[in-house]
Amino acid sequence: MSLSPALKTAIQHAAATHGGAKAAMVEALKLVQEAEGWVSDAHLKEAADVLGVTPAEIDALATFYSQIFRSPVGDTVILLCDGLSCYLCGGDAVRDAVMSKLGIGFGETTPDGKFTLINICCVGGCDRAPVALVGPERKLVGPLTPDDLDALIGGLSVGGSP
């Protein structure tokens, strides 16, 4: 499936308003991911073509940023912080409980396609540690305990947030 004409236009607009093609590469990746849910190789190449940059240039950014997804993800992405503050405040117990509850490890998606679990370095919620960013709006939730997970995960609708 190719990028829609509207998405190609949005990428061109990003280049015009972000200081040129190279400066707009991250914005282009965000636009593709917002529209498609993730950035496939084909969509990455199309975005590169629209911007007039090489696929290697834009892929270097796509693989650098942990919140640009280069493979399909579930309807709800849980970005679980594995920073020092979260670890010291019980993050390892939360991690183990999330993995047990969902039956998946980091970088995996539940068989029903509802959840993807990703570990991420410090999200800046140290005052509420341990924390996670949940859903498409990346809502910060915490402090989390293993006992909170039934309410958190059970309260998520497909594509929704707690």
# chains A, B, ... in the order shown; residues from 1 in each chain; ligands from 1

$ residues_around --residues "A:Asp59" --least-positions-apart "4" --cutoff "9 Å" --atoms "only C-alpha atoms" --output "ChimeraX atom specification"
/A:41,44-45,48,54-55,63-64

$ write_last_selection --atoms "N, CA and C atoms" --output "PDB file, in the first residue's frame"
ATOM      1  N   ASP A  41       9.154  -0.550   5.383  1.00  0.00           N
ATOM      2  CA  ASP A  41      10.239  -0.232   4.449  1.00  0.00           C
ATOM      3  C   ASP A  41       9.711   0.508   3.223  1.00  0.00           C
ATOM      4  N   LEU A  44       8.775   4.045   4.203  1.00  0.00           N
ATOM      5  CA  LEU A  44       9.995   4.807   4.451  1.00  0.00           C
ATOM      6  C   LEU A  44      10.599   5.271   3.129  1.00  0.00           C
ATOM      7  N   LYS A  45      10.660   4.363   2.156  1.00  0.00           N
ATOM      8  CA  LYS A  45      11.219   4.720   0.847  1.00  0.00           C
ATOM      9  C   LYS A  45      10.370   5.794   0.163  1.00  0.00           C
ATOM     10  N   ALA A  48      11.062   9.084   1.803  1.00  0.00           N
ATOM     11  CA  ALA A  48      12.374   9.558   1.349  1.00  0.00           C
ATOM     12  C   ALA A  48      12.272  10.148  -0.047  1.00  0.00           C
ATOM     13  N   THR A  54      17.831  10.105   0.706  1.00  0.00           N
ATOM     14  CA  THR A  54      17.982   8.676   0.485  1.00  0.00           C
ATOM     15  C   THR A  54      17.237   7.896   1.561  1.00  0.00           C
ATOM     16  N   PRO A  55      16.799   6.687   1.222  1.00  0.00           N
ATOM     17  CA  PRO A  55      16.180   5.850   2.251  1.00  0.00           C
ATOM     18  C   PRO A  55      17.122   5.598   3.432  1.00  0.00           C
ATOM     19  N   THR A  63      15.523   4.326  12.895  1.00  0.00           N
ATOM     20  CA  THR A  63      16.033   3.281  13.780  1.00  0.00           C
ATOM     21  C   THR A  63      16.675   3.857  15.034  1.00  0.00           C
ATOM     22  N   PHE A  64      17.007   5.133  15.026  1.00  0.00           N
ATOM     23  CA  PHE A  64      17.589   5.779  16.207  1.00  0.00           C
ATOM     24  C   PHE A  64      16.524   6.074  17.257  1.00  0.00           C
TER      25      PHE A  64
END

$ residues_around --residues "stretch 124-129 of chain A" --least-positions-apart "5" --cutoff "12 Å" --atoms "only C-alpha atoms" --output "MDAnalysis selection string"
chainID A and resid 80:92 94 139:145

$ residues_around --residues "stretch 25-30 of chain A" --least-positions-apart "6" --cutoff "8 Å" --atoms "only C-alpha atoms" --output "VMD selection string"
chain A and resid 11 14 to 15 39 44 47 51 58 61 to 62 68

$ write_last_selection --atoms "all heavy atoms" --output "PDB file, in the first residue's frame"
ATOM      1  N   ILE A  11       3.784  15.696   4.018  1.00  0.00           N
ATOM      2  CA  ILE A  11       5.238  15.569   4.113  1.00  0.00           C
ATOM      3  C   ILE A  11       5.925  16.717   3.380  1.00  0.00           C
ATOM      4  O   ILE A  11       6.893  17.303   3.884  1.00  0.00           O
ATOM      5  CB  ILE A  11       5.700  14.190   3.582  1.00  0.00           C
ATOM      6  CG1 ILE A  11       5.210  13.084   4.523  1.00  0.00           C
ATOM      7  CG2 ILE A  11       7.219  14.141   3.411  1.00  0.00           C
ATOM      8  CD1 ILE A  11       5.390  11.671   3.980  1.00  0.00           C
ATOM      9  N   ALA A  14       5.648  19.710   5.505  1.00  0.00           N
ATOM     10  CA  ALA A  14       6.608  19.641   6.614  1.00  0.00           C
ATOM     11  C   ALA A  14       7.986  20.107   6.156  1.00  0.00           C
ATOM     12  O   ALA A  14       8.667  20.853   6.871  1.00  0.00           O
ATOM     13  CB  ALA A  14       6.682  18.222   7.167  1.00  0.00           C
ATOM     14  N   ALA A  15       8.384  19.701   4.972  1.00  0.00           N
ATOM     15  CA  ALA A  15       9.693  20.136   4.447  1.00  0.00           C
ATOM     16  C   ALA A  15       9.717  21.646   4.252  1.00  0.00           C
ATOM     17  O   ALA A  15      10.724  22.309   4.544  1.00  0.00           O
ATOM     18  CB  ALA A  15      10.003  19.420   3.137  1.00  0.00           C
ATOM     19  N   VAL A  39       6.095   2.364  10.513  1.00  0.00           N
ATOM     20  CA  VAL A  39       6.789   2.804   9.298  1.00  0.00           C
ATOM     21  C   VAL A  39       7.403   1.587   8.613  1.00  0.00           C
ATOM     22  O   VAL A  39       8.437   1.068   9.046  1.00  0.00           O
ATOM     23  CB  VAL A  39       7.878   3.850   9.612  1.00  0.00           C
ATOM     24  CG1 VAL A  39       8.557   4.305   8.327  1.00  0.00           C
ATOM     25  CG2 VAL A  39       7.284   5.053  10.352  1.00  0.00           C
ATOM     26  N   LEU A  44       8.775   4.045   4.203  1.00  0.00           N
ATOM     27  CA  LEU A  44       9.995   4.807   4.451  1.00  0.00           C
ATOM     28  C   LEU A  44      10.599   5.271   3.129  1.00  0.00           C
ATOM     29  O   LEU A  44      10.983   6.428   2.978  1.00  0.00           O
ATOM     30  CB  LEU A  44      10.998   3.957   5.234  1.00  0.00           C
ATOM     31  CG  LEU A  44      12.284   4.670   5.608  1.00  0.00           C
ATOM     32  CD1 LEU A  44      12.624   4.399   7.053  1.00  0.00           C
ATOM     33  CD2 LEU A  44      13.415   4.245   4.709  1.00  0.00           C
ATOM     34  N   ALA A  47       8.486   8.069   1.643  1.00  0.00           N
ATOM     35  CA  ALA A  47       8.713   9.335   2.349  1.00  0.00           C
ATOM     36  C   ALA A  47      10.051   9.928   1.935  1.00  0.00           C
ATOM     37  O   ALA A  47      10.164  11.143   1.728  1.00  0.00           O
ATOM     38  CB  ALA A  47       8.657   9.119   3.865  1.00  0.00           C
ATOM     39  N   LEU A  51      10.680  13.550   0.046  1.00  0.00           N
ATOM     40  CA  LEU A  51      11.595  14.559   0.598  1.00  0.00           C
ATOM     41  C   LEU A  51      12.836  14.787  -0.270  1.00  0.00           C
ATOM     42  O   LEU A  51      13.531  15.781  -0.107  1.00  0.00           O
ATOM     43  CB  LEU A  51      12.039  14.147   2.004  1.00  0.00           C
ATOM     44  CG  LEU A  51      10.977  14.208   3.090  1.00  0.00           C
ATOM     45  CD1 LEU A  51      11.499  13.577   4.376  1.00  0.00           C
ATOM     46  CD2 LEU A  51      10.526  15.646   3.338  1.00  0.00           C
ATOM     47  N   ILE A  58      16.926   8.572   5.996  1.00  0.00           N
ATOM     48  CA  ILE A  58      15.721   8.615   6.824  1.00  0.00           C
ATOM     49  C   ILE A  58      15.633   7.369   7.719  1.00  0.00           C
ATOM     50  O   ILE A  58      15.163   7.445   8.852  1.00  0.00           O
ATOM     51  CB  ILE A  58      14.452   8.829   5.957  1.00  0.00           C
ATOM     52  CG1 ILE A  58      13.286   9.331   6.822  1.00  0.00           C
ATOM     53  CG2 ILE A  58      14.101   7.635   5.148  1.00  0.00           C
ATOM     54  CD1 ILE A  58      12.115   9.868   6.037  1.00  0.00           C
ATOM     55  N   LEU A  61      17.463   7.771  11.030  1.00  0.00           N
ATOM     56  CA  LEU A  61      16.662   8.434  12.066  1.00  0.00           C
ATOM     57  C   LEU A  61      15.584   7.507  12.613  1.00  0.00           C
ATOM     58  O   LEU A  61      15.350   7.452  13.815  1.00  0.00           O
ATOM     59  CB  LEU A  61      16.013   9.701  11.511  1.00  0.00           C
ATOM     60  CG  LEU A  61      16.935  10.885  11.282  1.00  0.00           C
ATOM     61  CD1 LEU A  61      16.171  12.014  10.627  1.00  0.00           C
ATOM     62  CD2 LEU A  61      17.539  11.352  12.585  1.00  0.00           C
ATOM     63  N   ALA A  62      14.935   6.782  11.712  1.00  0.00           N
ATOM     64  CA  ALA A  62      13.847   5.899  12.130  1.00  0.00           C
ATOM     65  C   ALA A  62      14.330   4.836  13.106  1.00  0.00           C
ATOM     66  O   ALA A  62      13.620   4.493  14.057  1.00  0.00           O
ATOM     67  CB  ALA A  62      13.202   5.242  10.912  1.00  0.00           C
ATOM     68  N   ILE A  68       9.652   5.604  17.020  1.00  0.00           N
ATOM     69  CA  ILE A  68       9.298   5.372  15.617  1.00  0.00           C
ATOM     70  C   ILE A  68       9.320   3.863  15.451  1.00  0.00           C
ATOM     71  O   ILE A  68      10.347   3.218  15.617  1.00  0.00           O
ATOM     72  CB  ILE A  68      10.294   6.041  14.638  1.00  0.00           C
ATOM     73  CG1 ILE A  68      10.318   7.556  14.825  1.00  0.00           C
ATOM     74  CG2 ILE A  68       9.973   5.655  13.194  1.00  0.00           C
ATOM     75  CD1 ILE A  68       9.027   8.279  14.455  1.00  0.00           C
TER      76      ILE A  68
END

$ atom_distance --atom1 "atom CA of A:Thr116" --atom2 "atom CA of A:Leu133"
11.9 Å

$ atom_distance --atom1 "atom CA of A:Ile153" --atom2 "atom CA of A:Gln67"
20.4 Å

$ closest_residue --among "A:Asp49, A:Leu152, A:Gln12, A:Cys121" --to "A:Tyr65" --atoms "only C-alpha atoms"
A:Cys121

$ residues_around --residues "A:Arg138" --least-positions-apart "5" --cutoff "10 Å" --atoms "only C-alpha atoms" --output "list in words"
Thr76, Val77, Ile78, Leu79, Ala132, Leu133 and Ser161 of chain A

$ write_last_selection --atoms "N, CA and C atoms" --output "short mmCIF file (atom, residue, chain, number, x, y, z; two decimals), in the first residue's frame"
data_model
loop_
_atom_site.label_atom_id
_atom_site.label_comp_id
_atom_site.auth_asym_id
_atom_site.auth_seq_id
_atom_site.Cartn_x
_atom_site.Cartn_y
_atom_site.Cartn_z
N THR A 76 -2.61 -0.89 21.34
CA THR A 76 -2.15 -0.07 22.45
C THR A 76 -0.69 -0.42 22.73
N VAL A 77 0.17 0.58 22.67
CA VAL A 77 1.57 0.39 22.98
C VAL A 77 1.82 0.83 24.42
N ILE A 78 2.48 -0.03 25.18
CA ILE A 78 2.86 0.28 26.55
C ILE A 78 4.38 0.45 26.55
N LEU A 79 4.83 1.68 26.79
CA LEU A 79 6.25 1.98 26.88
C LEU A 79 6.61 2.00 28.35
N ALA A 132 4.91 4.33 33.11
CA ALA A 132 4.82 3.88 31.72
C ALA A 132 4.14 4.98 30.92
N LEU A 133 4.39 4.98 29.64
CA LEU A 133 3.65 5.81 28.69
C LEU A 133 2.72 4.86 27.96
N SER A 161 -6.90 4.57 26.10
CA SER A 161 -5.96 4.83 27.19
C SER A 161 -6.69 4.66 28.51
#

$ select_by_dssp --residues "chain A" --states "alpha helix (DSSP H)" --output "JSON, numbers by chain"
{"A": [5, 6, 7, 8, 9, 10, 11, 12, 13, 14, 15, 16, 17, 25, 26, 27, 28, 29, 30, 31, 32, 33, 34, 35, 36, 41, 42, 43, 44, 45, 46, 47, 48, 49, 50, 51, 55, 56, 57, 58, 59, 60, 61, 62, 63, 64, 84, 85, 86, 92, 93, 94, 95, 96, 97, 98, 99, 100, 101, 102, 149, 150, 151, 152, 153, 154]}

$ closest_residue --among "A:Ala60, A:Val131, A:Ala21, A:Met1" --to "A:Pro146" --atoms "only C-alpha atoms"
A:Val131

$ closest_atom_pairs --of "stretch 35-129 of chain A" --to "stretch 4-10 of chain A" --cutoff "9 Å" --atoms "only C-alpha atoms" --output "Markdown table"
| residue | atom | partner | partner_atom | distance |
| --- | --- | --- | --- | --- |
| A:Ala35 | CA | A:Leu7 | CA | 7.9 |
| A:Glu46 | CA | A:Lys8 | CA | 8.6 |
| A:Ala47 | CA | A:Lys8 | CA | 7.4 |
| A:Val50 | CA | A:Lys8 | CA | 6.7 |

$ select_by_dssp --residues "chain A" --states "strand (DSSP E or B)" --output "count of residues only"
20
